[in-house]
Amino acid sequence: MKTTVLIVEDEKAQRMVLAGDLKSRGFNVLESESVENAVDVISANTVDVVLSDLKMQGASGIDLMRKLKNINPEISVIIMTAYATVETAVEAMKVGAYDFITKPYNLDEIEIIINRVIEKNNLTSEVKYLREQLSSQNRIEGIRTNSEKMVKVLDVASRVGPSKASVLIIGESGTGKELLARAIHYSGKRKDGMFVAVNCAALNENLLESELFGHEKGSFTGAEKQHKGRFEIADGGTVFLDEIGDLPLHTQVKLLRVLQEGEFERVGGSVTLNVDVRIIAATNRNIEELIKENKFREDLYYRLNVVNIKIPPLRERKEDIPLLIDQFTARYIKETDKKRIEYSKQALDLLMKYGYPGNIRELENVIHHSIVLARGEMITSEDLPLGIKSHGSENISKDPCGEGDTLHEKVENLEKRLINDALHKTNGNQSAAAKLLGMSERNLRYRLEKWGGKSS
């Protein structure tokens, strides 16, 4: 689409000449002889850039910019004047002018400035779109669940989102603590600010303090320039401190000061910096036990624990497993040439019964693994990681009589268990499994196909 430029100039001859020049360079041009008329034109048309004379009969270019703030503050204004002074330029820029040029104008200069405006507008629109996408993807209402426990978690998270209260999220590794922290951030008033995550367990003591609070040039060996910390970067937004239980005691003191006063100094610095950040912390450790062991400050714990949210492990919310399987399948199928992926009954049964000590993260890895290794569009028990299959075999061996109401069902289930156990022992080698069971490989394959398995 062509860029639309509105020229606001009370000198008709100058306005017509500039309009003709801009049209010849491919711009769509509108004209106004006064600020009042310009307001009407802007209200009735989509305008990208305004080129306005500073001094005109009646209202000035400065007046036009003030009016535009109420109509459409995103329209960029370039001020033109034959009476350029430092004072008028400063005044125009203070009110919000994008640029300031003098008459007689240089058409090449005007075109360059207009193109800069368009690049800026495109970048602003793109950033706004990406923020909206990120916000919509991470909002609490975007987290799907069939679990009553998770419904309660999300209810608390949605109520705490708009506040500034510190939140402590407790849960095992892989339960989605950072995902929930992001949802709280994007559901609150700070959603346009930065969400900055720090894993307190991933950095050594010295690097962690520098990452959190920044450092001054020369403050330690290798500090060749000033470095902004995560709290400075997140000013106006949220800092997520994962594995807060691993935070060293002396760093806990500085963090407590940030929570209480909103201030800190960079490592090696003496200038006190002020920030406005919300802190969401997470841990898989028992903080109260750490307090008893003098490894965590009690006053910091109470500052962090204004709102406490405990995420249940996946084994306590198994009704969410089918939802998560669908979600991860849709994500990873894009990496393959497959148009769709289905799961055999036996594979789904194993996926539902497994305990997932690594929680959602482990389930995601299992689905990714299975999709990558699947030979076709059907994932069977053979495609699942060995840990899932062996877990099924262990559970099977605990009940040698098998499940089912009729003798036929019990016998068939027992056959499934014995064959699955043999496949586990032979690392999925069907020929070796058949020999181990004293049956033909053809008979084994027939049974696998009958039960939704796959022959190699």
# chains A, B, ... in the order shown; residues from 1 in each chain; ligands from 1

call {"tool": "select_by_dssp", "arguments": {"residues": "stretch 298-427 of chain A", "states": "strand (DSSP E)", "output": "JSON, numbers by chain"}}
result
{"A": [307, 308, 309, 310, 342, 343, 378, 379]}

call {"tool": "residues_around", "arguments": {"residues": "A:Gly171", "least_positions_apart": "4", "cutoff": "7 Å", "atoms": "only C-alpha atoms", "output": "PDB file with C-alpha atoms, in the first residue's frame"}}
result
ATOM      1  CA  THR A 175       5.511 -29.104  36.346  1.00  0.00           C
ATOM      2  CA  LYS A 177       6.346 -23.251  37.088  1.00  0.00           C
ATOM      3  CA  THR A 283      11.269 -23.734  43.935  1.00  0.00           C
ATOM      4  CA  ASN A 284      11.071 -27.510  44.125  1.00  0.00           C
ATOM      5  CA  LYS A 310       1.485 -25.132  44.604  1.00  0.00           C
ATOM      6  CA  ILE A 311       1.403 -26.877  41.211  1.00  0.00           C
ATOM      7  CA  PRO A 312       0.438 -30.565  41.427  1.00  0.00           C
TER       8      PRO A 312
END

call {"tool": "atom_distance", "arguments": {"atom1": "atom CA of A:Val167", "atom2": "atom CA of A:Val153"}}
result
12.4 Å

call {"tool": "atom_distance", "arguments": {"atom1": "atom CA of A:Pro162", "atom2": "atom CA of A:Glu178"}}
result
17.6 Å

call {"tool": "residues_around", "arguments": {"residues": "A:Lys152", "least_positions_apart": "5", "cutoff": "12 Å", "atoms": "only C-alpha atoms", "output": "MDAnalysis selection string"}}
result
chainID A and resid 140 145:147 157:159 309:312

call {"tool": "residues_around", "arguments": {"residues": "A:Ala434", "least_positions_apart": "4", "cutoff": "10 Å", "atoms": "only C-alpha atoms", "output": "tab-separated table (two decimals) with N, CA and C atoms, in the first residue's frame"}}
result
chain	number	residue	atom	x	y	z
A	419	ILE	N	4.44	-60.82	25.86
A	419	ILE	CA	5.10	-60.38	24.63
A	419	ILE	C	5.79	-59.03	24.84
A	422	ALA	N	8.94	-59.61	26.73
A	422	ALA	CA	9.98	-60.19	25.87
A	422	ALA	C	10.58	-59.14	24.94
A	423	LEU	N	9.74	-58.27	24.41
A	423	LEU	CA	10.24	-57.19	23.54
A	423	LEU	C	11.14	-56.24	24.33
A	426	THR	N	14.53	-57.83	24.80
A	426	THR	CA	15.31	-57.93	23.55
A	426	THR	C	15.45	-56.58	22.85
A	429	ASN	N	13.57	-56.22	19.54
A	429	ASN	CA	13.87	-57.13	18.43
A	429	ASN	C	12.82	-58.24	18.40
A	430	GLN	N	11.96	-58.21	17.37
A	430	GLN	CA	10.82	-59.14	17.32
A	430	GLN	C	11.27	-60.59	17.08
A	438	GLY	N	9.30	-68.88	22.44
A	438	GLY	CA	9.06	-70.18	21.84
A	438	GLY	C	7.91	-70.16	20.84
A	439	MET	N	7.79	-69.04	20.10
A	439	MET	CA	6.73	-68.93	19.10
A	439	MET	C	7.34	-68.39	17.81
A	440	SER	N	6.60	-68.53	16.72
A	440	SER	CA	7.13	-68.04	15.45
A	440	SER	C	7.05	-66.53	15.39
A	441	GLU	N	8.00	-65.95	14.62
A	441	GLU	CA	8.00	-64.50	14.46
A	441	GLU	C	6.73	-64.04	13.77
A	442	ARG	N	6.22	-64.87	12.84
A	442	ARG	CA	4.99	-64.53	12.14
A	442	ARG	C	3.81	-64.45	13.10
A	443	ASN	N	3.75	-65.40	14.04
A	443	ASN	CA	2.69	-65.41	15.04
A	443	ASN	C	2.78	-64.17	15.94
A	444	LEU	N	4.01	-63.81	16.30
A	444	LEU	CA	4.22	-62.62	17.14
A	444	LEU	C	3.74	-61.36	16.42
A	445	ARG	N	4.11	-61.24	15.15
A	445	ARG	CA	3.72	-60.06	14.37
A	445	ARG	C	2.20	-59.99	14.20

call {"tool": "residues_around", "arguments": {"residues": "A:Glu36", "least_positions_apart": "6", "cutoff": "12 Å", "atoms": "only C-alpha atoms", "output": "list in words"}}
result
Val8, Glu9, Asp10, Ile42, Ser43, Met56, Gln57, Gly58, Ala59, Ser60, Gly61, Asp63, Leu64, Met65, Lys67 and Leu68 of chain A

call {"tool": "residues_around", "arguments": {"residues": "stretch 200-214 of chain A", "least_positions_apart": "2", "cutoff": "12 Å", "atoms": "only C-alpha atoms", "output": "ChimeraX atom specification"}}
result
/A:196-198,216-217,219-223,225-235,239-255,257-258,262-269,271-275,281-285

call {"tool": "write_last_selection", "arguments": {"atoms": "C-alpha atoms", "output": "PDB file, in the first residue's frame"}}
result
ATOM      1  CA  VAL A 196      12.993 -11.764  32.706  1.00  0.00           C
ATOM      2  CA  ALA A 197      13.731 -15.290  33.934  1.00  0.00           C
ATOM      3  CA  VAL A 198      16.791 -16.308  35.970  1.00  0.00           C
ATOM      4  CA  GLU A 216      30.674  -1.866  36.844  1.00  0.00           C
ATOM      5  CA  LYS A 217      33.650  -1.883  34.510  1.00  0.00           C
ATOM      6  CA  SER A 219      34.767  -4.618  39.246  1.00  0.00           C
ATOM      7  CA  PHE A 220      36.330  -8.060  38.748  1.00  0.00           C
ATOM      8  CA  THR A 221      38.639  -9.860  36.312  1.00  0.00           C
ATOM      9  CA  GLY A 222      36.966  -9.950  32.917  1.00  0.00           C
ATOM     10  CA  ALA A 223      34.561  -7.061  33.637  1.00  0.00           C
ATOM     11  CA  LYS A 225      32.558  -2.858  30.467  1.00  0.00           C
ATOM     12  CA  GLN A 226      29.534  -1.892  32.510  1.00  0.00           C
ATOM     13  CA  HIS A 227      26.840  -4.581  32.551  1.00  0.00           C
ATOM     14  CA  LYS A 228      23.150  -4.098  33.311  1.00  0.00           C
ATOM     15  CA  GLY A 229      21.608  -6.765  35.516  1.00  0.00           C
ATOM     16  CA  ARG A 230      18.265  -8.491  35.119  1.00  0.00           C
ATOM     17  CA  PHE A 231      16.554  -6.163  37.595  1.00  0.00           C
ATOM     18  CA  GLU A 232      17.541  -3.095  35.571  1.00  0.00           C
ATOM     19  CA  ILE A 233      16.407  -4.727  32.343  1.00  0.00           C
ATOM     20  CA  ALA A 234      13.066  -5.738  33.884  1.00  0.00           C
ATOM     21  CA  ASP A 235      12.268  -2.289  35.343  1.00  0.00           C
ATOM     22  CA  VAL A 239      11.680 -10.922  37.353  1.00  0.00           C
ATOM     23  CA  PHE A 240      11.136 -14.669  37.639  1.00  0.00           C
ATOM     24  CA  LEU A 241      13.621 -16.324  40.002  1.00  0.00           C
ATOM     25  CA  ASP A 242      13.565 -20.065  39.397  1.00  0.00           C
ATOM     26  CA  GLU A 243      15.085 -22.441  41.978  1.00  0.00           C
ATOM     27  CA  ILE A 244      15.114 -19.664  44.595  1.00  0.00           C
ATOM     28  CA  GLY A 245      16.118 -22.223  47.220  1.00  0.00           C
ATOM     29  CA  ASP A 246      19.632 -22.289  45.702  1.00  0.00           C
ATOM     30  CA  LEU A 247      20.190 -18.548  46.180  1.00  0.00           C
ATOM     31  CA  PRO A 248      23.351 -17.871  48.270  1.00  0.00           C
ATOM     32  CA  LEU A 249      22.774 -16.169  51.644  1.00  0.00           C
ATOM     33  CA  HIS A 250      24.632 -12.942  50.860  1.00  0.00           C
ATOM     34  CA  THR A 251      22.675 -12.592  47.593  1.00  0.00           C
ATOM     35  CA  GLN A 252      19.482 -13.143  49.592  1.00  0.00           C
ATOM     36  CA  VAL A 253      20.328  -9.984  51.570  1.00  0.00           C
ATOM     37  CA  LYS A 254      20.504  -7.882  48.377  1.00  0.00           C
ATOM     38  CA  LEU A 255      17.304  -9.433  47.069  1.00  0.00           C
ATOM     39  CA  ARG A 257      16.540  -4.956  49.915  1.00  0.00           C
ATOM     40  CA  VAL A 258      15.106  -4.921  46.384  1.00  0.00           C
ATOM     41  CA  GLY A 262      13.255  -1.268  45.329  1.00  0.00           C
ATOM     42  CA  GLU A 263      16.944  -0.357  45.237  1.00  0.00           C
ATOM     43  CA  PHE A 264      20.403  -1.910  44.839  1.00  0.00           C
ATOM     44  CA  GLU A 265      23.940  -1.202  43.607  1.00  0.00           C
ATOM     45  CA  ARG A 266      25.751  -2.927  40.788  1.00  0.00           C
ATOM     46  CA  VAL A 267      28.658  -5.180  41.745  1.00  0.00           C
ATOM     47  CA  GLY A 268      31.644  -2.891  42.279  1.00  0.00           C
ATOM     48  CA  GLY A 269      29.448   0.218  42.119  1.00  0.00           C
ATOM     49  CA  VAL A 271      25.490   4.469  42.798  1.00  0.00           C
ATOM     50  CA  THR A 272      22.126   3.355  44.172  1.00  0.00           C
ATOM     51  CA  LEU A 273      19.689   2.346  41.441  1.00  0.00           C
ATOM     52  CA  ASN A 274      15.911   2.284  41.860  1.00  0.00           C
ATOM     53  CA  VAL A 275      13.653  -0.164  40.041  1.00  0.00           C
ATOM     54  CA  ALA A 281       9.904 -16.972  42.621  1.00  0.00           C
ATOM     55  CA  ALA A 282       9.735 -20.734  42.219  1.00  0.00           C
ATOM     56  CA  THR A 283      11.269 -23.734  43.935  1.00  0.00           C
ATOM     57  CA  ASN A 284      11.071 -27.510  44.125  1.00  0.00           C
ATOM     58  CA  ARG A 285      12.654 -27.492  47.576  1.00  0.00           C
TER      59      ARG A 285
END

call {"tool": "residues_around", "arguments": {"residues": "A:Ser76", "least_positions_apart": "2", "cutoff": "8 Å", "atoms": "only C-alpha atoms", "output": "list of chain:residue names"}}
result
A:Asp48, A:Val49, A:Val50, A:Pro73, A:Glu74, A:Ile78, A:Ala97, A:Tyr98, A:Val117

call {"tool": "write_last_selection", "arguments": {"atoms": "C-alpha atoms", "output": "PDB file, in the first residue's frame"}}
result
ATOM      1  CA  ASP A  48       0.655   7.841   7.828  1.00  0.00           C
ATOM      2  CA  VAL A  49       2.711  11.042   7.970  1.00  0.00           C
ATOM      3  CA  VAL A  50       1.894  14.742   8.381  1.00  0.00           C
ATOM      4  CA  PRO A  73      -1.155   9.897  18.620  1.00  0.00           C
ATOM      5  CA  GLU A  74       0.523   7.304  16.383  1.00  0.00           C
ATOM      6  CA  ILE A  78       7.361  16.475  10.454  1.00  0.00           C
ATOM      7  CA  ALA A  97       7.416  16.176  16.331  1.00  0.00           C
ATOM      8  CA  TYR A  98       9.236  13.293  14.625  1.00  0.00           C
ATOM      9  CA  VAL A 117       8.845   7.206   9.701  1.00  0.00           C
TER      10      VAL A 117
END

call {"tool": "select_by_dssp", "arguments": {"residues": "stretch 100-269 of chain A", "states": "alpha helix (DSSP H)", "output": "MDAnalysis selection string"}}
result
chainID A and resid 107:138 148:160 177:186 205:213 230:233 249:261

call {"tool": "decode", "arguments": {"residues": "stretch 411-437 of chain A", "atoms": "N, CA and C atoms", "output": "PDB file, in the first residue's frame"}}
result
ATOM      1  N   VAL A 411      -6.688 -64.195  29.205  1.00  0.00           N
ATOM      2  CA  VAL A 411      -5.616 -64.868  28.471  1.00  0.00           C
ATOM      3  C   VAL A 411      -4.958 -63.915  27.480  1.00  0.00           C
ATOM      4  N   GLU A 412      -5.801 -63.138  26.762  1.00  0.00           N
ATOM      5  CA  GLU A 412      -5.258 -62.203  25.776  1.00  0.00           C
ATOM      6  C   GLU A 412      -4.399 -61.133  26.448  1.00  0.00           C
ATOM      7  N   ASN A 413      -4.853 -60.614  27.587  1.00  0.00           N
ATOM      8  CA  ASN A 413      -4.066 -59.607  28.300  1.00  0.00           C
ATOM      9  C   ASN A 413      -2.760 -60.188  28.824  1.00  0.00           C
ATOM     10  N   LEU A 414      -2.809 -61.445  29.264  1.00  0.00           N
ATOM     11  CA  LEU A 414      -1.580 -62.082  29.730  1.00  0.00           C
ATOM     12  C   LEU A 414      -0.595 -62.257  28.576  1.00  0.00           C
ATOM     13  N   GLU A 415      -1.111 -62.636  27.389  1.00  0.00           N
ATOM     14  CA  GLU A 415      -0.259 -62.745  26.200  1.00  0.00           C
ATOM     15  C   GLU A 415       0.405 -61.397  25.895  1.00  0.00           C
ATOM     16  N   LYS A 416      -0.391 -60.324  25.948  1.00  0.00           N
ATOM     17  CA  LYS A 416       0.145 -58.983  25.678  1.00  0.00           C
ATOM     18  C   LYS A 416       1.290 -58.661  26.630  1.00  0.00           C
ATOM     19  N   ARG A 417       1.085 -59.011  27.884  1.00  0.00           N
ATOM     20  CA  ARG A 417       2.098 -58.682  28.889  1.00  0.00           C
ATOM     21  C   ARG A 417       3.377 -59.477  28.688  1.00  0.00           C
ATOM     22  N   LEU A 418       3.227 -60.738  28.389  1.00  0.00           N
ATOM     23  CA  LEU A 418       4.402 -61.582  28.179  1.00  0.00           C
ATOM     24  C   LEU A 418       5.179 -61.149  26.935  1.00  0.00           C
ATOM     25  N   ILE A 419       4.444 -60.819  25.863  1.00  0.00           N
ATOM     26  CA  ILE A 419       5.098 -60.376  24.627  1.00  0.00           C
ATOM     27  C   ILE A 419       5.788 -59.027  24.845  1.00  0.00           C
ATOM     28  N   ASN A 420       5.119 -58.139  25.558  1.00  0.00           N
ATOM     29  CA  ASN A 420       5.709 -56.824  25.826  1.00  0.00           C
ATOM     30  C   ASN A 420       6.979 -56.969  26.663  1.00  0.00           C
ATOM     31  N   ASP A 421       6.947 -57.878  27.629  1.00  0.00           N
ATOM     32  CA  ASP A 421       8.108 -58.121  28.475  1.00  0.00           C
ATOM     33  C   ASP A 421       9.262 -58.692  27.649  1.00  0.00           C
ATOM     34  N   ALA A 422       8.939 -59.606  26.726  1.00  0.00           N
ATOM     35  CA  ALA A 422       9.977 -60.191  25.867  1.00  0.00           C
ATOM     36  C   ALA A 422      10.584 -59.140  24.944  1.00  0.00           C
ATOM     37  N   LEU A 423       9.741 -58.266  24.408  1.00  0.00           N
ATOM     38  CA  LEU A 423      10.242 -57.188  23.544  1.00  0.00           C
ATOM     39  C   LEU A 423      11.141 -56.239  24.333  1.00  0.00           C
ATOM     40  N   HIS A 424      10.777 -55.979  25.576  1.00  0.00           N
ATOM     41  CA  HIS A 424      11.613 -55.129  26.425  1.00  0.00           C
ATOM     42  C   HIS A 424      12.984 -55.763  26.650  1.00  0.00           C
ATOM     43  N   LYS A 425      12.978 -57.069  26.945  1.00  0.00           N
ATOM     44  CA  LYS A 425      14.244 -57.763  27.209  1.00  0.00           C
ATOM     45  C   LYS A 425      15.138 -57.831  25.984  1.00  0.00           C
ATOM     46  N   THR A 426      14.532 -57.831  24.796  1.00  0.00           N
ATOM     47  CA  THR A 426      15.313 -57.930  23.551  1.00  0.00           C
ATOM     48  C   THR A 426      15.454 -56.581  22.846  1.00  0.00           C
ATOM     49  N   ASN A 427      15.160 -55.483  23.612  1.00  0.00           N
ATOM     50  CA  ASN A 427      15.281 -54.131  23.048  1.00  0.00           C
ATOM     51  C   ASN A 427      14.451 -53.950  21.772  1.00  0.00           C
ATOM     52  N   GLY A 428      13.272 -54.586  21.748  1.00  0.00           N
ATOM     53  CA  GLY A 428      12.362 -54.396  20.632  1.00  0.00           C
ATOM     54  C   GLY A 428      12.605 -55.296  19.437  1.00  0.00           C
ATOM     55  N   ASN A 429      13.566 -56.218  19.540  1.00  0.00           N
ATOM     56  CA  ASN A 429      13.875 -57.132  18.433  1.00  0.00           C
ATOM     57  C   ASN A 429      12.820 -58.237  18.399  1.00  0.00           C
ATOM     58  N   GLN A 430      11.957 -58.214  17.370  1.00  0.00           N
ATOM     59  CA  GLN A 430      10.825 -59.138  17.316  1.00  0.00           C
ATOM     60  C   GLN A 430      11.269 -60.591  17.078  1.00  0.00           C
ATOM     61  N   SER A 431      12.296 -60.778  16.283  1.00  0.00           N
ATOM     62  CA  SER A 431      12.795 -62.142  16.030  1.00  0.00           C
ATOM     63  C   SER A 431      13.307 -62.761  17.321  1.00  0.00           C
ATOM     64  N   ALA A 432      14.108 -61.988  18.063  1.00  0.00           N
ATOM     65  CA  ALA A 432      14.672 -62.487  19.324  1.00  0.00           C
ATOM     66  C   ALA A 432      13.570 -62.715  20.357  1.00  0.00           C
ATOM     67  N   ALA A 433      12.574 -61.818  20.367  1.00  0.00           N
ATOM     68  CA  ALA A 433      11.468 -61.950  21.320  1.00  0.00           C
ATOM     69  C   ALA A 433      10.667 -63.215  21.032  1.00  0.00           C
ATOM     70  N   ALA A 434      10.446 -63.508  19.741  1.00  0.00           N
ATOM     71  CA  ALA A 434       9.697 -64.710  19.357  1.00  0.00           C
ATOM     72  C   ALA A 434      10.433 -65.967  19.807  1.00  0.00           C
ATOM     73  N   LYS A 435      11.757 -65.991  19.623  1.00  0.00           N
ATOM     74  CA  LYS A 435      12.545 -67.151  20.051  1.00  0.00           C
ATOM     75  C   LYS A 435      12.473 -67.310  21.557  1.00  0.00           C
ATOM     76  N   LEU A 436      12.538 -66.180  22.285  1.00  0.00           N
ATOM     77  CA  LEU A 436      12.482 -66.202  23.739  1.00  0.00           C
ATOM     78  C   LEU A 436      11.157 -66.782  24.231  1.00  0.00           C
ATOM     79  N   LEU A 437      10.095 -66.497  23.496  1.00  0.00           N
ATOM     80  CA  LEU A 437       8.763 -66.971  23.878  1.00  0.00           C
ATOM     81  C   LEU A 437       8.439 -68.356  23.326  1.00  0.00           C
TER      82      LEU A 437
END
